[in-house]
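For reference, the structure discussed in these notes is given below.
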Protein chains: 2
Amino acid sequence: MSHARTGVVQTPHGDLATPFFMPIATRGVVKTLSSFDIERLGSPILLSNTYHLWLRPGLEVLNTFGGLHRFMDWSGAILTDSGGFQVFSLEGLRKLTEDGVEFQSHIDGAHLTLTPELCMEIQRTIGSDICMVLDVCTKLPARDAELEEALELTTRWAQRSKEAFEKTREGSVNPGAKLFGIVQGGTTIALRKRSAQELVDIGFDGYAIGGLSVGEPFEEACAVLDALHDILPKDKPRYFMGGAQPHEIVAYVQRGIDMFDCVLPTRNARHGQLYRFVHNDLTKPDFYEQIQITNEKWKCSDEKILPLSKGELEGVGAELSRYSLGYLRHLFTVNETLAQRLATMNNVRFYLELMEKIRQAITAGRL
Amino acid sequence: MSHARTGVVQTPHGDLATPFFMPIATRGVVKTLSSFDIERLGSPILLSNTYHLWLRPGLEVLNTFGGLHRFMDWSGAILTDSGGFQVFSLEGLRKLTEDGVEFQSHIDGAHLTLTPELCMEIQRTIGSDICMVLDVCTKLPARDAELEEALELTTRWAQRSKEAFEKTREGSVNPGAKLFGIVQGGTTIALRKRSAQELVDIGFDGYAIGGLSVGEPFEEACAVLDALHDILPKDKPRYFMGGAQPHEIVAYVQRGIDMFDCVLPTRNARHGQLYRFVHNDLTKPDFYEQIQITNEKWKCSDEKILPLSKGELEGVGAELSRYSLGYLRHLFTVNETLAQRLATMNNVRFYLELMEKIRQAITAGRL
């Protein structure tokens with residue numbers, strides 16, 4: 001039985017039709033693209049990162065500009081990851097305490113401490129529309145005792161985050177921002193349920209499922225989502241954090257997920273991998289393909305990156321429908337960054353179109 | 001006394017108002033920009049390179065697509081350097097004979113021979129609007145005997161080039177193409193005059209001055225141009241090959257030059273150096289400045305890359321007028337290729353606007 005659903009997430013920078021995908025702008029830029037390009041691509045929201053923006057450009061710059069929207073001239077919505085995942089990735093360079101996490105900057109080695117409260121302050125300075133609590137990310141596989149300890153701390157930090165979030169609302173650049181909690185607990189169903197229930201008891205504007213898409217089997221991620229379905233409030237958005245291939249996104253949508261971010265379309269683009277639709281039946285996992293444009297077989301291909309007749313689309317679509325796969329291959333062969341840009345446009349456009357197709361399919365009762 | 005002049009160079013892909021500047025698309029792409037971007041920038045012509053296109057994508061691909069215009073979807077004009085300069089730069093890897101120049105590919109070490117005839121064939125395959133003869137480029141400083149030998153061979157090759165060019169016209173993708181000769185002779189005035197006269201005797205559609213901008217003092221380049229002024233036919237375009245800063249372009253225009261290419265705007269952009277106008281009196285060499293955007297001083301600058309009110313311009317101008325110098329600095333700091341792209345747009349736009357100002361100043365009798 002499908003739990004796929006459509007809806008709307010309201011933000012101070014626009015209403016977002018769900019399910020939606022957020023292009024990743026970790027450092028205040030979707031690699032190779034300007035905010036003008038994102039507008040032309042038609043994404044109503046971007047995802048950025050608290051940890052990375054804190055280090056560069058830093059709070060002084062963000063304060064001067066009055067937040068990230070103005071800094072990058074983006075009038076759509078912004079969700080910021082808390083940066084917990086990035087800090088916990090600094091193995092050997094970080095130390096976890098009840099108060100927060102002490103670590104060394106990956107840029108200059110400076111000793112820093114990120115606490116749930118500071119994490120809220122930074123996101124208030126960024127002016128995010130959707131802020132994420134600081135959570136404790138445990139590397140999988142992990143023992144249950146370790147996962148349990150992490151989720152208990154995640155809950156306590158979530159409580160502190162909510163209090164700090166409320167206290168920093170007044171006078172902030174984006175007082176209408178929302179705050180999401182993050183469910184942890186690895187792939188242990190009982191722990192996942194407990195984590196979700198504790199967050200629901202605190203009460204958030206939305207709920208993210210973190211700590212998945214870190215190498216565990218696809219079936220285990222699905223099992224976690226199935227287990228959480230009846231615990232998370234029906235009227236709040238559900239956000240799957242982490243990478244997902246197009247057919248996995250469909251599977252997660254069928255398990256009630258409303259929001260996605262994914263580094264695959266942009267990262268794969270930079271390595272010359274292009275997503276393309278094969279057919280329109282999203283329930284069959286072969287509805288898309290990935291081609292490796294650097295392969296010899298595309299050398300003389302005059303097929304367009306996006307096969308549309310000229311003038312059919314404005315903006316990015318029109319641009320992609322001008323250039324052949326043969327030309328794009330040439331650009332990759334000579335290490336030209338325009339290659340990465342055109343491929344990124346293609347893949348982000350693909351993911352956005354996928355979400356549009358998903359919303360249409362749900363509405364039509366086909367998903 | 002100024003010899004500055006305006007005029008028109010007619011090509012199968014449009015009439016070009018002189019003096020003009022050609023953005024450099026060595027490998028069939030202006031680094032970081034698509035042909036769509038070049039259209040938005042408003043350049044009516046691009047410069048590409050015979051040697052580089054011969055190696056990649058190669059003649060098979062260019063033949064399949066019916067030339068470079070279709071390959072990169074560019075409807076404006078294209079001038080191609082012969083590639084002589086590139087081949088002669090491969091010191092130790094190349095050998096000069098009467099027939100041509102034998103060398104090893106910089107990509108895979110393959111042994112190749114470029115002759116004046118092959119050079120014409122390749123440019124016919126590319127479908128250039130303005131083809132350049134294969135010339136012999138001598139590294140400066142050089143003894144007069146060496147320069148003389150090189151210019152004599154350049155003349156013989158120019159004769160062979162013209163014959164090959166005529167023979168390959170019929171059935172080529174761009175039969176209305178023009179052929180330019182290239183004056184050599186180092187900074188020795190007598191040799192320069194002889195080279196020019198010999199080329200004029202053969203007869204070309206235009207005349208380039210090669211072998212300058214290779215480290216010689218600015219005054220010596222000016223002296224060469226002064227010496228050539230009365231030898232080159234008044235009714236044919238004159239093309240200064242090689243880099244020139246904005247104030248040097250003005251000086252060369254005043255010596256009768258009609259066409260320029262220059263790697264500085266694009267290369268400097270990629271290193272974070274932005275050209276900006278300071279005032280409008282082009283006769284004073286301080287009419288422009290170059291700023292180093294990576295400097296700390298721009299960290300919090302909310303000044304726009306291009307200070308225009310929104311909506312004043314379409315396309316690239318509108319895009320550049322959205323982003324601040326502070327944001328651009330941030331993009332360079334995090335090694336984001338969008339930084340190089342925005343800076344490239346700014347600098348190419350600057351050079352194109354410079355040429356527009358020059359044409360207006362000439363028409364108004366101010367240059």
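Each chain of the structure tokens is named A, B, ... in the order shown, its residues numbered from 1; ligands are numbered from 1 in display order.
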Shell of 7 Å around Thr6 (chain A), only C-alpha atoms, local chain residues under 5 positions omitted, as a PDB file with N, CA and C atoms, in the first residue's frame:
ATOM      1  N   THR A  18       4.817  19.618  -2.324  1.00  0.00           N
ATOM      2  CA  THR A  18       5.506  18.368  -1.988  1.00  0.00           C
ATOM      3  C   THR A  18       4.954  17.228  -2.827  1.00  0.00           C
ATOM      4  N   PRO A  19       5.732  16.159  -3.035  1.00  0.00           N
ATOM      5  CA  PRO A  19       7.133  15.983  -2.637  1.00  0.00           C
ATOM      6  C   PRO A  19       8.056  16.854  -3.496  1.00  0.00           C
ATOM      7  N   ARG A 359       4.604  14.213  -8.434  1.00  0.00           N
ATOM      8  CA  ARG A 359       3.413  14.922  -7.929  1.00  0.00           C
ATOM      9  C   ARG A 359       2.213  14.668  -8.833  1.00  0.00           C
ATOM     10  N   ILE A 362       0.966  11.067  -8.303  1.00  0.00           N
ATOM     11  CA  ILE A 362       0.212  10.918  -7.043  1.00  0.00           C
ATOM     12  C   ILE A 362      -1.196  11.468  -7.227  1.00  0.00           C
TER      13      ILE A 362
END
Select, as an MDAnalysis selection string, those residues of chain A with any atom no more than 10 Å from chain B (distances computed using only C-alpha atoms).
chainID A and resid 27:37 52 56:58 60:65 68 70:74 299:302 318:319 322:324 326:331 333:342
Atoms to include: N, CA and C atoms. Write the selected residues as a compact mmCIF listing (two decimals), in the first residue's frame.
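The resulting again-v9.txt:
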# COMPACT_ATOMS: atom_id res chain seq x y z
N ARG A 27 27.93 25.63 0.11
CA ARG A 27 28.68 26.84 0.46
C ARG A 27 27.99 28.10 -0.09
N GLY A 28 26.67 28.04 -0.24
CA GLY A 28 25.97 29.22 -0.75
C GLY A 28 26.03 29.30 -2.26
N VAL A 29 26.25 28.15 -2.91
CA VAL A 29 26.26 28.10 -4.37
C VAL A 29 26.06 26.64 -4.79
N VAL A 30 25.13 26.43 -5.73
CA VAL A 30 25.02 25.11 -6.35
C VAL A 30 26.18 25.04 -7.34
N LYS A 31 27.11 24.13 -7.11
CA LYS A 31 28.36 24.13 -7.88
C LYS A 31 28.10 24.33 -9.37
N THR A 32 28.75 25.32 -9.94
CA THR A 32 28.71 25.74 -11.35
C THR A 32 27.51 26.63 -11.70
N LEU A 33 26.53 26.80 -10.79
CA LEU A 33 25.31 27.54 -11.14
C LEU A 33 25.12 28.79 -10.27
N SER A 34 24.56 29.83 -10.86
CA SER A 34 24.19 31.03 -10.10
C SER A 34 22.73 30.94 -9.68
N SER A 35 22.31 31.84 -8.80
CA SER A 35 20.91 31.83 -8.39
C SER A 35 20.01 32.13 -9.59
N PHE A 36 20.52 32.89 -10.54
CA PHE A 36 19.79 33.15 -11.79
C PHE A 36 19.53 31.82 -12.51
N ASP A 37 20.54 30.96 -12.53
CA ASP A 37 20.36 29.65 -13.17
C ASP A 37 19.33 28.80 -12.43
N HIS A 52 29.49 24.72 7.00
CA HIS A 52 30.33 25.31 5.96
C HIS A 52 30.20 26.83 5.89
N ARG A 56 33.09 29.68 6.26
CA ARG A 56 33.25 30.58 5.10
C ARG A 56 31.91 30.80 4.46
N PRO A 57 31.43 32.01 4.27
CA PRO A 57 32.13 33.29 4.46
C PRO A 57 32.24 33.71 5.92
N GLY A 58 31.54 33.04 6.85
CA GLY A 58 31.61 33.43 8.26
C GLY A 58 30.49 34.38 8.64
N GLU A 60 30.47 37.28 10.20
CA GLU A 60 30.64 38.72 9.96
C GLU A 60 30.05 39.08 8.59
N VAL A 61 30.41 38.31 7.59
CA VAL A 61 29.92 38.58 6.24
C VAL A 61 28.40 38.36 6.17
N LEU A 62 27.93 37.25 6.72
CA LEU A 62 26.50 36.96 6.66
C LEU A 62 25.69 38.04 7.37
N ASN A 63 26.22 38.53 8.51
CA ASN A 63 25.56 39.63 9.22
C ASN A 63 25.53 40.89 8.38
N THR A 64 26.65 41.20 7.75
CA THR A 64 26.74 42.41 6.93
C THR A 64 25.70 42.40 5.82
N PHE A 65 25.55 41.23 5.20
CA PHE A 65 24.62 41.14 4.07
C PHE A 65 23.17 40.90 4.52
N LEU A 68 21.84 34.83 4.02
CA LEU A 68 22.28 34.16 2.79
C LEU A 68 21.44 34.54 1.57
N ARG A 70 20.21 37.39 0.68
CA ARG A 70 20.75 38.59 0.05
C ARG A 70 22.17 38.36 -0.46
N PHE A 71 22.93 37.57 0.29
CA PHE A 71 24.34 37.34 -0.08
C PHE A 71 24.41 36.69 -1.46
N MET A 72 23.55 35.71 -1.71
CA MET A 72 23.59 35.03 -3.02
C MET A 72 22.47 35.48 -3.94
N ASP A 73 21.75 36.52 -3.54
CA ASP A 73 20.63 37.06 -4.30
C ASP A 73 19.66 35.97 -4.74
N TRP A 74 19.10 35.30 -3.73
CA TRP A 74 18.17 34.19 -3.95
C TRP A 74 16.88 34.50 -3.22
N LYS A 299 31.07 10.31 -29.19
CA LYS A 299 32.00 11.22 -29.85
C LYS A 299 31.35 12.01 -31.00
N CYS A 300 30.59 11.32 -31.84
CA CYS A 300 29.99 11.98 -33.01
C CYS A 300 28.48 12.13 -32.87
N SER A 301 27.97 11.97 -31.66
CA SER A 301 26.51 12.03 -31.49
C SER A 301 25.99 13.45 -31.62
N ASP A 302 25.06 13.64 -32.56
CA ASP A 302 24.45 14.97 -32.67
C ASP A 302 23.11 15.03 -31.93
N ALA A 318 16.01 25.53 -23.01
CA ALA A 318 16.39 25.99 -24.36
C ALA A 318 17.89 25.86 -24.56
N GLU A 319 18.66 26.16 -23.51
CA GLU A 319 20.11 26.09 -23.62
C GLU A 319 20.56 24.63 -23.81
N ARG A 322 20.20 23.03 -27.21
CA ARG A 322 21.06 23.52 -28.30
C ARG A 322 22.29 22.65 -28.49
N TYR A 323 22.79 22.08 -27.40
CA TYR A 323 24.11 21.43 -27.47
C TYR A 323 23.98 19.91 -27.58
N SER A 324 24.85 19.36 -28.44
CA SER A 324 24.81 17.91 -28.69
C SER A 324 25.61 17.16 -27.64
N GLY A 326 27.77 15.02 -28.46
CA GLY A 326 29.13 15.03 -28.99
C GLY A 326 29.92 16.26 -28.53
N TYR A 327 29.26 17.41 -28.55
CA TYR A 327 29.93 18.64 -28.08
C TYR A 327 30.19 18.56 -26.58
N LEU A 328 29.21 18.06 -25.83
CA LEU A 328 29.39 17.94 -24.38
C LEU A 328 30.56 17.00 -24.06
N ARG A 329 30.63 15.89 -24.80
CA ARG A 329 31.76 14.96 -24.61
C ARG A 329 33.09 15.68 -24.87
N HIS A 330 33.13 16.45 -25.96
CA HIS A 330 34.35 17.21 -26.27
C HIS A 330 34.73 18.13 -25.10
N LEU A 331 33.74 18.82 -24.53
CA LEU A 331 34.02 19.74 -23.43
C LEU A 331 34.61 19.00 -22.23
N THR A 333 36.28 16.19 -22.48
CA THR A 333 37.59 15.69 -22.91
C THR A 333 38.68 16.75 -22.74
N VAL A 334 38.33 18.01 -22.98
CA VAL A 334 39.35 19.07 -22.85
C VAL A 334 39.29 19.73 -21.47
N ASN A 335 38.64 19.06 -20.50
CA ASN A 335 38.60 19.54 -19.11
C ASN A 335 38.02 20.94 -18.97
N GLU A 336 36.95 21.20 -19.70
CA GLU A 336 36.34 22.52 -19.69
C GLU A 336 35.20 22.54 -18.67
N THR A 337 35.20 23.55 -17.78
CA THR A 337 34.20 23.59 -16.71
C THR A 337 32.79 23.80 -17.24
N LEU A 338 32.66 24.34 -18.46
CA LEU A 338 31.32 24.44 -19.05
C LEU A 338 30.68 23.06 -19.16
N ALA A 339 31.49 22.03 -19.34
CA ALA A 339 30.98 20.66 -19.39
C ALA A 339 30.26 20.32 -18.09
N GLN A 340 30.91 20.60 -16.97
CA GLN A 340 30.31 20.30 -15.67
C GLN A 340 29.05 21.12 -15.46
N ARG A 341 29.07 22.34 -15.96
CA ARG A 341 27.91 23.22 -15.82
C ARG A 341 26.71 22.68 -16.60
N LEU A 342 26.92 22.33 -17.87
CA LEU A 342 25.81 21.83 -18.69
C LEU A 342 25.28 20.51 -18.13
Within 6 Å of Leu179 (chain A), counting only C-alpha atoms, which residues qualify if same-chain residues fewer than 2 places away don't, as a PyMOL selection string?
chain A and resi 130-132+205
Based on DSSP run over this structure's backbone, return all residues of region 137-357 of chain B in helix (DSSP H, G or I), as a VMD selection string.
chain B and resid 144 to 167 189 to 202 218 to 228 246 to 253 264 to 270 296 to 298 316 to 320 325 to 333 337 to 357
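In this structure, CA of Ala227 (chain B) sits 28.7 Å away from CA of Phe165 (chain B).
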Could you write out, as a ChimeraX atom specification, all the residues of region 5-151 of chain B that DSSP marks as strand (DSSP E)?
/B:7-11,14-18,20-22,45-49,77-81,94-96,101-104,111-114,130-132
Quick check, in Å to one decimal: how far apart do CA of Thr155 (chain A) and CA of Phe85 (chain A) lie?
15.9 Å
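Those residues that approach Arg160 (chain B) to within 10 Å, counting only C-alpha atoms, are B:Thr115, B:Pro116, B:Glu117, B:Met120, B:Val133, B:Leu134, B:Thr154, B:Thr155, B:Arg156, B:Trp157, B:Ala158, B:Lys162, B:Glu163, B:Ala164, B:Phe165; same-chain residues fewer than 2 positions away are not listed.
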What's the 9 Å shell around Gln86 (chain B), counting only C-alpha atoms, without same-chain residues fewer than 3 positions away, as a VMD selection string?
chain B and resid 49 51 to 52 82 to 83 89 to 90
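Using only C-alpha atoms, the smallest distance between any of A:Glu149, A:Asp15, A:Glu216, A:Glu39 and Glu98 (chain A) comes from A:Glu149.
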I'd like the neighbourhood of Thr168 (chain B) as a list in words, where a residue qualifies if any of its atoms comes within 9 Å (using only C-alpha atoms), though same-chain residues fewer than 6 positions away should be ignored.
Met120, Glu121, Arg124 and Pro175 of chain B
Atom pair CA of Asp135 (chain B) + CA of Val224 (chain B), distance 17.8 Å
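Shortest atom-to-atom contact with Asn268 (chain A) among A:Tyr239, A:Ile202, A:Ala343, A:Glu219: A:Ala343, counting only C-alpha atoms.
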Just want the 8 Å neighbourhood of Asp129 (chain B), counted on only C-alpha atoms, with same-chain residues fewer than 3 positions away dropped. Output as a short mmCIF file (atom, residue, chain, number, x, y, z; two decimals) with N, CA and C atoms, in the first residue's frame.
data_model
loop_
_atom_site.label_atom_id
_atom_site.label_comp_id
_atom_site.auth_asym_id
_atom_site.auth_seq_id
_atom_site.Cartn_x
_atom_site.Cartn_y
_atom_site.Cartn_z
N THR B 11 31.62 38.99 -43.36
CA THR B 11 31.88 37.55 -43.33
C THR B 11 30.58 36.82 -43.64
N PRO B 12 30.66 35.53 -44.00
CA PRO B 12 29.43 34.76 -44.24
C PRO B 12 28.55 34.66 -42.99
N HIS B 13 29.10 34.95 -41.82
CA HIS B 13 28.30 34.90 -40.59
C HIS B 13 28.19 36.28 -39.95
N ALA B 77 30.46 34.86 -36.40
CA ALA B 77 31.66 34.57 -37.19
C ALA B 77 32.72 33.87 -36.35
N ILE B 78 33.61 33.15 -37.05
CA ILE B 78 34.74 32.47 -36.40
C ILE B 78 36.01 32.77 -37.18
N LEU B 79 37.03 33.21 -36.46
CA LEU B 79 38.39 33.31 -37.03
C LEU B 79 39.21 32.20 -36.39
N ASN B 174 32.02 26.43 -45.87
CA ASN B 174 31.92 27.89 -45.76
C ASN B 174 32.72 28.55 -46.88
N GLY B 176 32.55 31.13 -48.58
CA GLY B 176 32.77 32.58 -48.58
C GLY B 176 33.84 33.04 -47.60
N ALA B 177 34.60 32.09 -47.04
CA ALA B 177 35.62 32.44 -46.04
C ALA B 177 36.69 33.37 -46.63
N LYS B 178 37.34 34.10 -45.75
CA LYS B 178 38.45 34.98 -46.14
C LYS B 178 39.77 34.38 -45.66
#
